$ cat input.pdb   # PDB, C-alpha atoms, pLDDT in the B column
ATOM      1  CA  MET A   1      91.836 320.754 139.493  1.00 41.00           C
ATOM      2  CA  PRO A   2      95.084 322.437 140.532  1.00 48.00           C
ATOM      3  CA  ILE A   3      96.364 322.353 136.969  1.00 59.00           C
ATOM      4  CA  ASP A   4      93.683 324.819 135.953  1.00 59.00           C
ATOM      5  CA  SER A   5      95.351 327.493 138.046  1.00 55.00           C
ATOM      6  CA  ALA A   6      98.375 327.446 135.722  1.00 55.00           C
ATOM      7  CA  LYS A   7      98.451 330.071 132.976  1.00 65.00           C
ATOM      8  CA  GLN A   8      96.741 328.580 129.949  1.00 79.00           C
ATOM      9  CA  PRO A   9      99.073 328.307 126.951  1.00 90.00           C
ATOM     10  CA  GLU A  10      98.514 329.899 123.561  1.00 93.00           C
ATOM     11  CA  HIS A  11     100.567 327.503 121.435  1.00 95.00           C
ATOM     12  CA  PHE A  12      99.027 324.210 122.566  1.00 95.00           C
ATOM     13  CA  ASP A  13      95.920 322.999 124.364  1.00 94.00           C
ATOM     14  CA  PRO A  14      96.652 320.974 127.490  1.00 93.00           C
ATOM     15  CA  ALA A  15      92.980 320.876 128.444  1.00 93.00           C
ATOM     16  CA  ALA A  16      92.104 319.039 125.231  1.00 91.00           C
ATOM     17  CA  LEU A  17      95.019 316.664 125.686  1.00 91.00           C
ATOM     18  CA  ARG A  18      93.990 315.982 129.269  1.00 91.00           C
ATOM     19  CA  ARG A  19      90.464 315.158 128.101  1.00 90.00           C
ATOM     20  CA  ASP A  20      92.048 312.576 125.780  1.00 87.00           C
ATOM     21  CA  LEU A  21      93.802 311.101 128.786  1.00 89.00           C
ATOM     22  CA  PHE A  22      90.777 310.356 130.978  1.00 87.00           C
ATOM     23  CA  ASP A  23      91.135 313.800 132.574  1.00 89.00           C
ATOM     24  CA  SER A  24      94.234 312.555 134.347  1.00 89.00           C
ATOM     25  CA  THR A  25      96.712 315.282 135.299  1.00 89.00           C
ATOM     26  CA  PRO A  26      99.547 312.785 135.991  1.00 89.00           C
ATOM     27  CA  ALA A  27      98.983 311.278 132.533  1.00 90.00           C
ATOM     28  CA  LEU A  28      99.001 314.755 130.996  1.00 92.00           C
ATOM     29  CA  LEU A  29     102.275 315.611 132.699  1.00 92.00           C
ATOM     30  CA  ASN A  30     103.745 312.277 131.645  1.00 90.00           C
ATOM     31  CA  VAL A  31     103.030 313.083 127.987  1.00 91.00           C
ATOM     32  CA  LEU A  32     104.183 316.690 128.245  1.00 93.00           C
ATOM     33  CA  HIS A  33     107.497 315.606 129.760  1.00 92.00           C
ATOM     34  CA  THR A  34     107.938 313.311 126.761  1.00 91.00           C
ATOM     35  CA  PHE A  35     107.104 316.071 124.340  1.00 92.00           C
ATOM     36  CA  ASN A  36     109.916 318.592 124.855  1.00 89.00           C
ATOM     37  CA  PRO A  37     112.873 316.239 124.227  1.00 92.00           C
ATOM     38  CA  TRP A  38     111.022 314.808 121.239  1.00 93.00           C
ATOM     39  CA  LEU A  39     110.361 318.288 119.873  1.00 93.00           C
ATOM     40  CA  THR A  40     114.014 319.302 120.301  1.00 92.00           C
ATOM     41  CA  ASP A  41     115.116 316.163 118.486  1.00 92.00           C
ATOM     42  CA  MET A  42     112.641 316.625 115.617  1.00 93.00           C
ATOM     43  CA  HIS A  43     113.487 320.297 115.299  1.00 91.00           C
ATOM     44  CA  GLY A  44     117.188 319.409 115.040  1.00 93.00           C
ATOM     45  CA  GLN A  45     116.479 316.740 112.421  1.00 92.00           C
ATOM     46  CA  LEU A  46     114.451 319.252 110.428  1.00 92.00           C
ATOM     47  CA  ARG A  47     117.283 321.785 110.440  1.00 91.00           C
ATOM     48  CA  VAL A  48     119.778 319.174 109.227  1.00 93.00           C
ATOM     49  CA  ALA A  49     117.441 318.047 106.437  1.00 91.00           C
ATOM     50  CA  VAL A  50     116.806 321.649 105.348  1.00 89.00           C
ATOM     51  CA  GLU A  51     120.538 322.388 105.279  1.00 90.00           C
ATOM     52  CA  ALA A  52     121.072 319.255 103.202  1.00 90.00           C
ATOM     53  CA  ALA A  53     118.206 320.341 100.910  1.00 87.00           C
ATOM     54  CA  ASN A  54     116.792 316.821 101.211  1.00 87.00           C
ATOM     55  CA  THR A  55     113.106 317.281 100.410  1.00 85.00           C
ATOM     56  CA  THR A  56     112.240 313.598 100.884  1.00 85.00           C
ATOM     57  CA  GLN A  57     113.742 313.653 104.359  1.00 88.00           C
ATOM     58  CA  ILE A  58     112.041 316.949 105.148  1.00 89.00           C
ATOM     59  CA  ALA A  59     108.688 315.498 104.099  1.00 87.00           C
ATOM     60  CA  GLY A  60     109.172 312.518 106.408  1.00 87.00           C
ATOM     61  CA  ILE A  61     110.182 314.688 109.364  1.00 91.00           C
ATOM     62  CA  ILE A  62     107.327 317.120 109.025  1.00 90.00           C
ATOM     63  CA  HIS A  63     104.870 314.243 108.693  1.00 87.00           C
ATOM     64  CA  THR A  64     106.126 312.815 111.977  1.00 89.00           C
ATOM     65  CA  LEU A  65     106.008 316.290 113.510  1.00 92.00           C
ATOM     66  CA  ARG A  66     102.419 316.657 112.418  1.00 91.00           C
ATOM     67  CA  GLY A  67     101.328 313.570 114.331  1.00 90.00           C
ATOM     68  CA  GLY A  68     102.928 314.693 117.583  1.00 92.00           C
ATOM     69  CA  LEU A  69     101.842 318.307 117.255  1.00 94.00           C
ATOM     70  CA  ALA A  70      98.289 317.221 116.505  1.00 92.00           C
ATOM     71  CA  GLN A  71      98.293 315.156 119.676  1.00 91.00           C
ATOM     72  CA  LEU A  72      99.376 318.208 121.666  1.00 93.00           C
ATOM     73  CA  ARG A  73      96.686 320.255 119.911  1.00 93.00           C
ATOM     74  CA  ALA A  74      99.383 322.685 118.764  1.00 95.00           C
ATOM     75  CA  GLN A  75      97.091 323.967 116.036  1.00 95.00           C
ATOM     76  CA  ALA A  76      99.236 326.813 114.705  1.00 96.00           C
ATOM     77  CA  ALA A  77     102.193 324.481 114.265  1.00 96.00           C
ATOM     78  CA  VAL A  78      99.982 321.809 112.695  1.00 95.00           C
ATOM     79  CA  ASP A  79      98.697 324.340 110.155  1.00 95.00           C
ATOM     80  CA  LEU A  80     102.254 325.338 109.212  1.00 95.00           C
ATOM     81  CA  VAL A  81     103.287 321.700 108.892  1.00 94.00           C
ATOM     82  CA  ARG A  82     100.334 321.102 106.568  1.00 92.00           C
ATOM     83  CA  GLN A  83     101.489 323.998 104.383  1.00 92.00           C
ATOM     84  CA  LEU A  84     104.982 322.552 104.241  1.00 91.00           C
ATOM     85  CA  GLU A  85     103.680 319.067 103.427  1.00 88.00           C
ATOM     86  CA  ALA A  86     101.708 320.585 100.560  1.00 88.00           C
ATOM     87  CA  ALA A  87     104.810 322.411  99.316  1.00 87.00           C
ATOM     88  CA  CYS A  88     106.869 319.207  99.430  1.00 85.00           C
ATOM     89  CA  LYS A  89     104.154 317.232  97.620  1.00 83.00           C
ATOM     90  CA  ALA A  90     103.708 319.907  94.979  1.00 85.00           C
ATOM     91  CA  ASN A  91     107.356 319.707  93.985  1.00 82.00           C
ATOM     92  CA  PRO A  92     108.984 316.620  95.527  1.00 79.00           C
ATOM     93  CA  THR A  93     112.186 316.793  93.480  1.00 81.00           C
ATOM     94  CA  ALA A  94     112.973 320.452  94.168  1.00 83.00           C
ATOM     95  CA  PRO A  95     114.809 321.373  97.353  1.00 82.00           C
ATOM     96  CA  LEU A  96     112.655 323.217  99.844  1.00 83.00           C
ATOM     97  CA  PRO A  97     114.230 326.681 100.210  1.00 86.00           C
ATOM     98  CA  SER A  98     115.598 327.314 103.681  1.00 87.00           C
ATOM     99  CA  ASP A  99     113.839 330.677 103.634  1.00 90.00           C
ATOM    100  CA  HIS A 100     110.435 329.235 102.707  1.00 90.00           C
ATOM    101  CA  PRO A 101     107.941 331.396 104.620  1.00 93.00           C
ATOM    102  CA  SER A 102     106.137 328.424 106.159  1.00 92.00           C
ATOM    103  CA  LEU A 103     109.431 326.902 107.242  1.00 92.00           C
ATOM    104  CA  LEU A 104     110.585 330.102 108.904  1.00 93.00           C
ATOM    105  CA  ALA A 105     107.204 330.470 110.565  1.00 96.00           C
ATOM    106  CA  LEU A 106     107.317 326.862 111.756  1.00 95.00           C
ATOM    107  CA  GLU A 107     110.786 327.360 113.254  1.00 93.00           C
ATOM    108  CA  THR A 108     109.493 330.359 115.200  1.00 95.00           C
ATOM    109  CA  GLU A 109     106.347 328.506 116.267  1.00 96.00           C
ATOM    110  CA  LEU A 110     108.270 325.435 117.470  1.00 95.00           C
ATOM    111  CA  GLU A 111     110.598 327.605 119.530  1.00 94.00           C
ATOM    112  CA  ALA A 112     107.650 329.431 121.074  1.00 95.00           C
ATOM    113  CA  LEU A 113     105.910 326.134 121.739  1.00 95.00           C
ATOM    114  CA  SER A 114     108.975 324.704 123.467  1.00 94.00           C
ATOM    115  CA  VAL A 115     109.376 327.767 125.693  1.00 94.00           C
ATOM    116  CA  GLU A 116     105.698 327.798 126.569  1.00 95.00           C
ATOM    117  CA  LEU A 117     105.646 324.090 127.303  1.00 94.00           C
ATOM    118  CA  THR A 118     108.599 324.450 129.679  1.00 93.00           C
ATOM    119  CA  GLN A 119     106.920 327.383 131.444  1.00 92.00           C
ATOM    120  CA  PHE A 120     103.652 325.467 131.679  1.00 93.00           C
ATOM    121  CA  LEU A 121     105.320 322.428 133.234  1.00 91.00           C
ATOM    122  CA  LEU A 122     107.119 324.611 135.785  1.00 89.00           C
ATOM    123  CA  ALA A 123     103.875 326.359 136.682  1.00 88.00           C
ATOM    124  CA  VAL A 124     101.935 323.126 137.007  1.00 85.00           C
ATOM    125  CA  GLN A 125     104.622 321.429 139.069  1.00 78.00           C
ATOM    126  CA  ALA A 126     104.477 324.372 141.440  1.00 75.00           C
ATOM    127  CA  VAL A 127     100.794 323.759 142.162  1.00 72.00           C
ATOM    128  CA  VAL A 128     100.440 319.981 141.769  1.00 69.00           C
ATOM    129  CA  PRO A 129     101.733 317.954 144.743  1.00 59.00           C
ATOM    130  CA  PRO A 130     104.744 315.769 143.785  1.00 52.00           C
ATOM    131  CA  GLN A 131     102.858 312.512 144.393  1.00 51.00           C
ATOM    132  CA  GLN A 132     100.436 313.457 141.622  1.00 49.00           C
ATOM    133  CA  THR A 133     103.173 313.995 139.081  1.00 42.00           C
TER
ATOM    134  CA  MET B   1      91.574 286.745 127.349  1.00 85.00           C
ATOM    135  CA  ASN B   2      94.609 287.981 125.416  1.00 89.00           C
ATOM    136  CA  THR B   3      95.253 291.567 126.515  1.00 92.00           C
ATOM    137  CA  LEU B   4      98.602 292.073 124.812  1.00 95.00           C
ATOM    138  CA  ALA B   5      98.766 295.107 122.502  1.00 96.00           C
ATOM    139  CA  PHE B   6     101.617 296.394 120.357  1.00 97.00           C
ATOM    140  CA  ILE B   7     102.180 300.068 119.539  1.00 97.00           C
ATOM    141  CA  ILE B   8     104.514 300.786 116.639  1.00 97.00           C
ATOM    142  CA  ASP B   9     105.310 304.454 116.007  1.00 94.00           C
ATOM    143  CA  ASP B  10     108.488 306.455 115.444  1.00 89.00           C
ATOM    144  CA  SER B  11     107.104 309.337 117.527  1.00 89.00           C
ATOM    145  CA  ALA B  12     107.755 309.095 121.264  1.00 89.00           C
ATOM    146  CA  VAL B  13     104.859 311.461 121.944  1.00 91.00           C
ATOM    147  CA  ASN B  14     102.308 309.400 120.066  1.00 92.00           C
ATOM    148  CA  ILE B  15     103.566 306.246 121.738  1.00 94.00           C
ATOM    149  CA  ALA B  16     103.242 307.885 125.157  1.00 93.00           C
ATOM    150  CA  VAL B  17      99.621 308.846 124.579  1.00 93.00           C
ATOM    151  CA  ALA B  18      98.621 305.515 123.039  1.00 94.00           C
ATOM    152  CA  ARG B  19     100.356 303.591 125.820  1.00 94.00           C
ATOM    153  CA  LEU B  20      98.579 305.537 128.551  1.00 93.00           C
ATOM    154  CA  LEU B  21      95.200 305.063 126.907  1.00 93.00           C
ATOM    155  CA  LEU B  22      95.603 301.365 126.187  1.00 93.00           C
ATOM    156  CA  GLN B  23      96.900 300.669 129.683  1.00 92.00           C
ATOM    157  CA  ARG B  24      93.967 302.556 131.127  1.00 89.00           C
ATOM    158  CA  LEU B  25      91.685 300.375 129.012  1.00 89.00           C
ATOM    159  CA  GLY B  26      93.294 297.309 130.565  1.00 91.00           C
ATOM    160  CA  TRP B  27      95.778 296.315 127.887  1.00 94.00           C
ATOM    161  CA  THR B  28      99.324 295.151 128.463  1.00 95.00           C
ATOM    162  CA  VAL B  29     101.446 297.182 126.066  1.00 97.00           C
ATOM    163  CA  GLU B  30     104.682 296.544 124.231  1.00 98.00           C
ATOM    164  CA  GLU B  31     105.990 299.471 122.184  1.00 97.00           C
ATOM    165  CA  PHE B  32     108.313 299.681 119.206  1.00 97.00           C
ATOM    166  CA  SER B  33     109.816 302.680 117.447  1.00 93.00           C
ATOM    167  CA  SER B  34     110.018 300.816 114.138  1.00 94.00           C
ATOM    168  CA  ALA B  35     108.406 297.857 112.414  1.00 96.00           C
ATOM    169  CA  ILE B  36     111.354 295.482 112.054  1.00 96.00           C
ATOM    170  CA  PRO B  37     111.863 294.717 115.776  1.00 97.00           C
ATOM    171  CA  MET B  38     108.092 294.380 116.095  1.00 97.00           C
ATOM    172  CA  LEU B  39     108.062 291.707 113.378  1.00 96.00           C
ATOM    173  CA  GLU B  40     110.853 289.890 115.200  1.00 97.00           C
ATOM    174  CA  ARG B  41     108.934 290.051 118.475  1.00 97.00           C
ATOM    175  CA  LEU B  42     105.868 288.729 116.703  1.00 95.00           C
ATOM    176  CA  THR B  43     107.638 285.416 116.272  1.00 95.00           C
ATOM    177  CA  GLN B  44     107.705 285.101 120.071  1.00 96.00           C
ATOM    178  CA  VAL B  45     104.375 286.451 121.310  1.00 95.00           C
ATOM    179  CA  GLU B  46     100.925 286.961 119.850  1.00 92.00           C
ATOM    180  CA  PRO B  47      99.229 290.296 120.534  1.00 95.00           C
ATOM    181  CA  ALA B  48      95.481 290.641 120.176  1.00 94.00           C
ATOM    182  CA  PHE B  49      95.693 294.247 119.041  1.00 95.00           C
ATOM    183  CA  MET B  50      98.204 296.347 117.167  1.00 96.00           C
ATOM    184  CA  LEU B  51      98.352 300.106 116.603  1.00 96.00           C
ATOM    185  CA  LEU B  52     100.635 300.520 113.599  1.00 96.00           C
ATOM    186  CA  ASP B  53     101.874 303.879 112.346  1.00 94.00           C
ATOM    187  CA  ILE B  54     101.844 304.271 108.571  1.00 91.00           C
ATOM    188  CA  SER B  55     104.866 306.529 108.035  1.00 86.00           C
ATOM    189  CA  MET B  56     108.040 305.178 109.580  1.00 87.00           C
ATOM    190  CA  PRO B  57     111.588 305.430 108.274  1.00 82.00           C
ATOM    191  CA  ASP B  58     112.763 301.823 108.027  1.00 86.00           C
ATOM    192  CA  MET B  59     109.567 300.059 107.025  1.00 93.00           C
ATOM    193  CA  GLY B  60     106.189 301.693 106.557  1.00 91.00           C
ATOM    194  CA  GLY B  61     103.056 300.427 108.243  1.00 94.00           C
ATOM    195  CA  GLU B  62     101.573 299.201 104.972  1.00 94.00           C
ATOM    196  CA  GLU B  63     104.504 296.895 104.251  1.00 96.00           C
ATOM    197  CA  ALA B  64     104.558 295.673 107.856  1.00 96.00           C
ATOM    198  CA  CYS B  65     100.842 294.917 107.696  1.00 96.00           C
ATOM    199  CA  ARG B  66     101.242 293.003 104.402  1.00 96.00           C
ATOM    200  CA  ARG B  67     103.968 290.878 105.977  1.00 96.00           C
ATOM    201  CA  ILE B  68     101.826 290.099 108.997  1.00 96.00           C
ATOM    202  CA  ARG B  69      98.807 289.195 106.881  1.00 95.00           C
ATOM    203  CA  SER B  70     100.938 286.971 104.672  1.00 95.00           C
ATOM    204  CA  ASN B  71     101.564 284.700 107.664  1.00 94.00           C
ATOM    205  CA  ALA B  72      98.488 282.649 108.529  1.00 91.00           C
ATOM    206  CA  ALA B  73      99.709 282.295 112.111  1.00 89.00           C
ATOM    207  CA  TRP B  74      99.208 286.031 112.665  1.00 90.00           C
ATOM    208  CA  ASN B  75      95.787 286.425 111.108  1.00 86.00           C
ATOM    209  CA  GLU B  76      93.986 286.805 114.416  1.00 89.00           C
ATOM    210  CA  VAL B  77      95.637 290.068 115.436  1.00 94.00           C
ATOM    211  CA  ARG B  78      93.502 293.164 114.930  1.00 94.00           C
ATOM    212  CA  ILE B  79      95.659 295.777 113.215  1.00 96.00           C
ATOM    213  CA  VAL B  80      94.683 299.432 113.218  1.00 95.00           C
ATOM    214  CA  ALA B  81      96.498 301.976 111.082  1.00 93.00           C
ATOM    215  CA  TYR B  82      97.514 305.073 112.949  1.00 89.00           C
ATOM    216  CA  THR B  83      98.301 308.076 110.826  1.00 86.00           C
ATOM    217  CA  ALA B  84      98.518 311.855 110.841  1.00 79.00           C
ATOM    218  CA  HIS B  85      96.078 312.024 107.941  1.00 73.00           C
ATOM    219  CA  ALA B  86      94.115 309.655 105.732  1.00 67.00           C
ATOM    220  CA  LEU B  87      92.323 310.667 102.565  1.00 72.00           C
ATOM    221  CA  GLU B  88      89.514 308.389 101.409  1.00 75.00           C
ATOM    222  CA  ASP B  89      91.604 306.719  98.687  1.00 77.00           C
ATOM    223  CA  GLU B  90      94.406 306.199 101.200  1.00 81.00           C
ATOM    224  CA  ARG B  91      91.943 304.598 103.629  1.00 85.00           C
ATOM    225  CA  GLN B  92      90.966 302.107 100.942  1.00 87.00           C
ATOM    226  CA  ASP B  93      94.634 301.352 100.276  1.00 89.00           C
ATOM    227  CA  TYR B  94      95.226 300.705 103.968  1.00 90.00           C
ATOM    228  CA  LEU B  95      92.239 298.380 104.220  1.00 91.00           C
ATOM    229  CA  ALA B  96      93.480 296.550 101.128  1.00 92.00           C
ATOM    230  CA  CYS B  97      96.807 295.973 102.896  1.00 92.00           C
ATOM    231  CA  GLY B  98      94.986 294.097 105.631  1.00 94.00           C
ATOM    232  CA  PHE B  99      94.347 296.776 108.223  1.00 94.00           C
ATOM    233  CA  ASP B 100      91.104 296.294 110.131  1.00 93.00           C
ATOM    234  CA  ASP B 101      90.545 299.984 110.766  1.00 92.00           C
ATOM    235  CA  ILE B 102      92.202 303.402 110.521  1.00 92.00           C
ATOM    236  CA  ILE B 103      92.403 306.117 113.145  1.00 92.00           C
ATOM    237  CA  THR B 104      93.736 309.595 112.586  1.00 88.00           C
ATOM    238  CA  LYS B 105      96.025 311.444 114.978  1.00 86.00           C
ATOM    239  CA  PRO B 106      95.356 312.941 117.442  1.00 89.00           C
ATOM    240  CA  ILE B 107      94.299 309.769 119.126  1.00 89.00           C
ATOM    241  CA  THR B 108      91.397 310.078 121.566  1.00 88.00           C
ATOM    242  CA  VAL B 109      89.743 307.756 124.064  1.00 87.00           C
ATOM    243  CA  SER B 110      86.702 307.418 121.825  1.00 87.00           C
ATOM    244  CA  SER B 111      88.627 306.807 118.604  1.00 89.00           C
ATOM    245  CA  LEU B 112      90.852 304.231 120.246  1.00 91.00           C
ATOM    246  CA  THR B 113      87.996 302.489 122.022  1.00 90.00           C
ATOM    247  CA  ALA B 114      86.121 302.207 118.731  1.00 90.00           C
ATOM    248  CA  ALA B 115      89.217 301.011 116.888  1.00 90.00           C
ATOM    249  CA  VAL B 116      89.955 298.292 119.409  1.00 88.00           C
ATOM    250  CA  GLY B 117      86.710 296.749 118.229  1.00 78.00           C
ATOM    251  CA  ARG B 118      85.692 295.044 121.405  1.00 61.00           C
ATOM    252  CA  ALA B 119      84.699 296.018 124.917  1.00 50.00           C
ATOM    253  CA  PRO B 120      87.677 297.201 126.930  1.00 46.00           C
ATOM    254  CA  VAL B 121      89.080 294.606 129.255  1.00 52.00           C
ATOM    255  CA  SER B 122      89.005 295.333 132.957  1.00 47.00           C
ATOM    256  CA  PRO B 123      91.881 297.515 134.136  1.00 45.00           C
ATOM    257  CA  GLY B 124      94.597 295.404 135.641  1.00 45.00           C
ATOM    258  CA  THR B 125      93.515 292.193 133.932  1.00 44.00           C
ATOM    259  CA  PRO B 126      96.650 290.090 133.533  1.00 42.00           C
ATOM    260  CA  ALA B 127      97.775 289.108 130.038  1.00 38.00           C
TER
END
$ encode --input "input.pdb" --output "structure tokens"
Amino acid sequence: MPIDSAKQPEHFDPAALRRDLFDSTPALLNVLHTFNPWLTDMHGQLRVAVEAANTTQIAGIIHTLRGGLAQLRAQAAVDLVRQLEAACKANPTAPLPSDHPSLLALETELEALSVELTQFLLAVQAVVPPQQT
Amino acid sequence: MNTLAFIIDDSAVNIAVARLLLQRLGWTVEEFSSAIPMLERLTQVEPAFMLLDISMPDMGGEEACRRIRSNAAWNEVRIVAYTAHALEDERQDYLACGFDDIITKPITVSSLTAAVGRAPVSPGTPA
């Protein structure tokens, strides 16, 4: 498959996602194109909730993030989200500190994931004929 | 055969994957980003299958499922909970709400095929 010639990402697993999608490269690209705007939106919502120190809202956002990240097989980000969910559950009434180590690590991971996803899509589009995308 | 399926999830990514898989399995899909418009649509059409996210901002999947099961006219729809995680006690809670099955994200062809609970319809079969 032409997609295999693209550099394989470190922050997510497109091969696993493609297997979930009947090994269809167009279906994979369809989902990946959906992912980046969604990730930007969720990341923005998370920042607002952290600034507002709204732990209930943070818990809801990271739960939603977990579902999407799991689908992308973004394992490092999923692990960080799990840590944050545990922190929110352990103390649901206390505001999650904006410098919580898992939160800072998640911010960095989401940014890296977004950059890598963009690079991956550009690389794949360069080798997959337009009619297949 | 009724091939209409509903997907209800507040995550565009999870909807995209579920839609692609269900369509590939021959289902006609309607998607909703929250439960309330889905419940309104349910008064107009009758899906055979529903993939219902548990955690959504306006109304959670458990409450939506209770409302559906409280209406005898909607008892035929197969409702599968769709969640990022499900501990055993949570699974029992979901089943008690009226869900027929639970699948955990990430969704896969095999998990979805099993959750649908019947042989996939032929691709392209009209609703």
$ atom_distance --input "input.pdb" --atom1 "atom CA of Ala48 of chain B" --atom2 "atom CA of Leu65 of chain A"
28.5 Å
$ resolve_selection --input "input.pdb" --expression "the ChimeraX specification (/A :<9) & /B" --output "short mmCIF file (atom, residue, chain, number, x, y, z; two decimals) with C-alpha atoms, in the frame of the given file"
data_model
loop_
_atom_site.label_atom_id
_atom_site.label_comp_id
_atom_site.auth_asym_id
_atom_site.auth_seq_id
_atom_site.Cartn_x
_atom_site.Cartn_y
_atom_site.Cartn_z
CA ASP B 10 108.49 306.46 115.44
CA SER B 11 107.10 309.34 117.53
CA ALA B 12 107.76 309.10 121.26
CA VAL B 13 104.86 311.46 121.94
CA ASN B 14 102.31 309.40 120.07
CA ALA B 16 103.24 307.88 125.16
CA VAL B 17 99.62 308.85 124.58
CA LEU B 20 98.58 305.54 128.55
CA LEU B 21 95.20 305.06 126.91
CA ARG B 24 93.97 302.56 131.13
CA SER B 55 104.87 306.53 108.04
CA MET B 56 108.04 305.18 109.58
CA PRO B 57 111.59 305.43 108.27
CA THR B 83 98.30 308.08 110.83
CA ALA B 84 98.52 311.86 110.84
CA HIS B 85 96.08 312.02 107.94
CA THR B 104 93.74 309.60 112.59
CA LYS B 105 96.02 311.44 114.98
CA PRO B 106 95.36 312.94 117.44
CA ILE B 107 94.30 309.77 119.13
CA THR B 108 91.40 310.08 121.57
CA VAL B 109 89.74 307.76 124.06
CA SER B 110 86.70 307.42 121.82
#
$ resolve_selection --input "input.pdb" --expression "the PyMOL selection byres ((chain A and resi 104-108) around 12)" --output "JSON, numbers by chain"
{"A": [11, 39, 40, 42, 43, 44, 46, 47, 50, 62, 65, 66, 69, 74, 75, 76, 77, 78, 79, 80, 81, 82, 83, 84, 85, 96, 97, 98, 99, 100, 101, 102, 103, 109, 110, 111, 112, 113, 114, 115]}
$ write_last_selection --input "input.pdb" --atoms "C-alpha atoms" --output "PDB file, keeping the file's coordinate frame"
ATOM      1  CA  HIS A  11     100.567 327.503 121.435  1.00 95.00           C
ATOM      2  CA  LEU A  39     110.361 318.288 119.873  1.00 93.00           C
ATOM      3  CA  THR A  40     114.014 319.302 120.301  1.00 92.00           C
ATOM      4  CA  MET A  42     112.641 316.625 115.617  1.00 93.00           C
ATOM      5  CA  HIS A  43     113.487 320.297 115.299  1.00 91.00           C
ATOM      6  CA  GLY A  44     117.188 319.409 115.040  1.00 93.00           C
ATOM      7  CA  LEU A  46     114.451 319.252 110.428  1.00 92.00           C
ATOM      8  CA  ARG A  47     117.283 321.785 110.440  1.00 91.00           C
ATOM      9  CA  VAL A  50     116.806 321.649 105.348  1.00 89.00           C
ATOM     10  CA  ILE A  62     107.327 317.120 109.025  1.00 90.00           C
ATOM     11  CA  LEU A  65     106.008 316.290 113.510  1.00 92.00           C
ATOM     12  CA  ARG A  66     102.419 316.657 112.418  1.00 91.00           C
ATOM     13  CA  LEU A  69     101.842 318.307 117.255  1.00 94.00           C
ATOM     14  CA  ALA A  74      99.383 322.685 118.764  1.00 95.00           C
ATOM     15  CA  GLN A  75      97.091 323.967 116.036  1.00 95.00           C
ATOM     16  CA  ALA A  76      99.236 326.813 114.705  1.00 96.00           C
ATOM     17  CA  ALA A  77     102.193 324.481 114.265  1.00 96.00           C
ATOM     18  CA  VAL A  78      99.982 321.809 112.695  1.00 95.00           C
ATOM     19  CA  ASP A  79      98.697 324.340 110.155  1.00 95.00           C
ATOM     20  CA  LEU A  80     102.254 325.338 109.212  1.00 95.00           C
ATOM     21  CA  VAL A  81     103.287 321.700 108.892  1.00 94.00           C
ATOM     22  CA  ARG A  82     100.334 321.102 106.568  1.00 92.00           C
ATOM     23  CA  GLN A  83     101.489 323.998 104.383  1.00 92.00           C
ATOM     24  CA  LEU A  84     104.982 322.552 104.241  1.00 91.00           C
ATOM     25  CA  GLU A  85     103.680 319.067 103.427  1.00 88.00           C
ATOM     26  CA  LEU A  96     112.655 323.217  99.844  1.00 83.00           C
ATOM     27  CA  PRO A  97     114.230 326.681 100.210  1.00 86.00           C
ATOM     28  CA  SER A  98     115.598 327.314 103.681  1.00 87.00           C
ATOM     29  CA  ASP A  99     113.839 330.677 103.634  1.00 90.00           C
ATOM     30  CA  HIS A 100     110.435 329.235 102.707  1.00 90.00           C
ATOM     31  CA  PRO A 101     107.941 331.396 104.620  1.00 93.00           C
ATOM     32  CA  SER A 102     106.137 328.424 106.159  1.00 92.00           C
ATOM     33  CA  LEU A 103     109.431 326.902 107.242  1.00 92.00           C
ATOM     34  CA  GLU A 109     106.347 328.506 116.267  1.00 96.00           C
ATOM     35  CA  LEU A 110     108.270 325.435 117.470  1.00 95.00           C
ATOM     36  CA  GLU A 111     110.598 327.605 119.530  1.00 94.00           C
ATOM     37  CA  ALA A 112     107.650 329.431 121.074  1.00 95.00           C
ATOM     38  CA  LEU A 113     105.910 326.134 121.739  1.00 95.00           C
ATOM     39  CA  SER A 114     108.975 324.704 123.467  1.00 94.00           C
ATOM     40  CA  VAL A 115     109.376 327.767 125.693  1.00 94.00           C
TER      41      VAL A 115
END
$ atom_distance --input "input.pdb" --atom1 "atom CA of Gln92 of chain B" --atom2 "atom CA of Asp53 of chain B"
15.9 Å
$ closest_residue --input "input.pdb" --among "B:Val116, B:Ile54, B:Met59, B:Ala35" --to "Leu4 of chain B" --atoms "only C-alpha atoms"
B:Val116
$ resolve_selection --input "input.pdb" --expression "the PyMOL selection byres ((chain B and resi 31) around 10)" --output "ChimeraX atom specification"
/B:5-9,12,15-16,18-19,29-30,32-34,37-38,50-51
$ atom_distance --input "input.pdb" --atom1 "atom CA of Cys97 of chain B" --atom2 "atom CA of Ala115 of chain B"
16.7 Å
$ axis_aligned_box --input "input.pdb" --around "segment 39-49 of chain B" --padding-each-side "4 Å" --output "JSON"
{"center_x": 103.2, "center_y": 289.7, "center_z": 117.3, "size_x": 23.4, "size_y": 17.1, "size_z": 15.9}
$ decode --input "input.pdb" --residues "segment 47-61 of chain B" --atoms "C-alpha atoms" --output "mmCIF file, in the first residue's frame"
data_model
loop_
_atom_site.group_PDB
_atom_site.id
_atom_site.type_symbol
_atom_site.label_atom_id
_atom_site.label_comp_id
_atom_site.auth_asym_id
_atom_site.auth_seq_id
_atom_site.Cartn_x
_atom_site.Cartn_y
_atom_site.Cartn_z
ATOM 1 C CA PRO B 47 -33.831 2.512 13.820
ATOM 2 C CA ALA B 48 -32.982 -1.142 14.289
ATOM 3 C CA PHE B 49 -29.674 -0.393 15.972
ATOM 4 C CA MET B 50 -28.301 2.394 18.112
ATOM 5 C CA LEU B 51 -24.745 3.109 19.256
ATOM 6 C CA LEU B 52 -25.161 5.404 22.250
ATOM 7 C CA ASP B 53 -22.269 7.131 23.995
ATOM 8 C CA ILE B 54 -22.477 7.130 27.784
ATOM 9 C CA SER B 55 -20.816 10.457 28.620
ATOM 10 C CA MET B 56 -22.373 13.400 26.830
ATOM 11 C CA PRO B 57 -22.872 16.934 28.102
ATOM 12 C CA ASP B 58 -26.609 17.544 27.761
ATOM 13 C CA MET B 59 -28.003 14.108 28.525
ATOM 14 C CA GLY B 60 -25.969 11.015 29.298
ATOM 15 C CA GLY B 61 -26.463 7.739 27.486
#
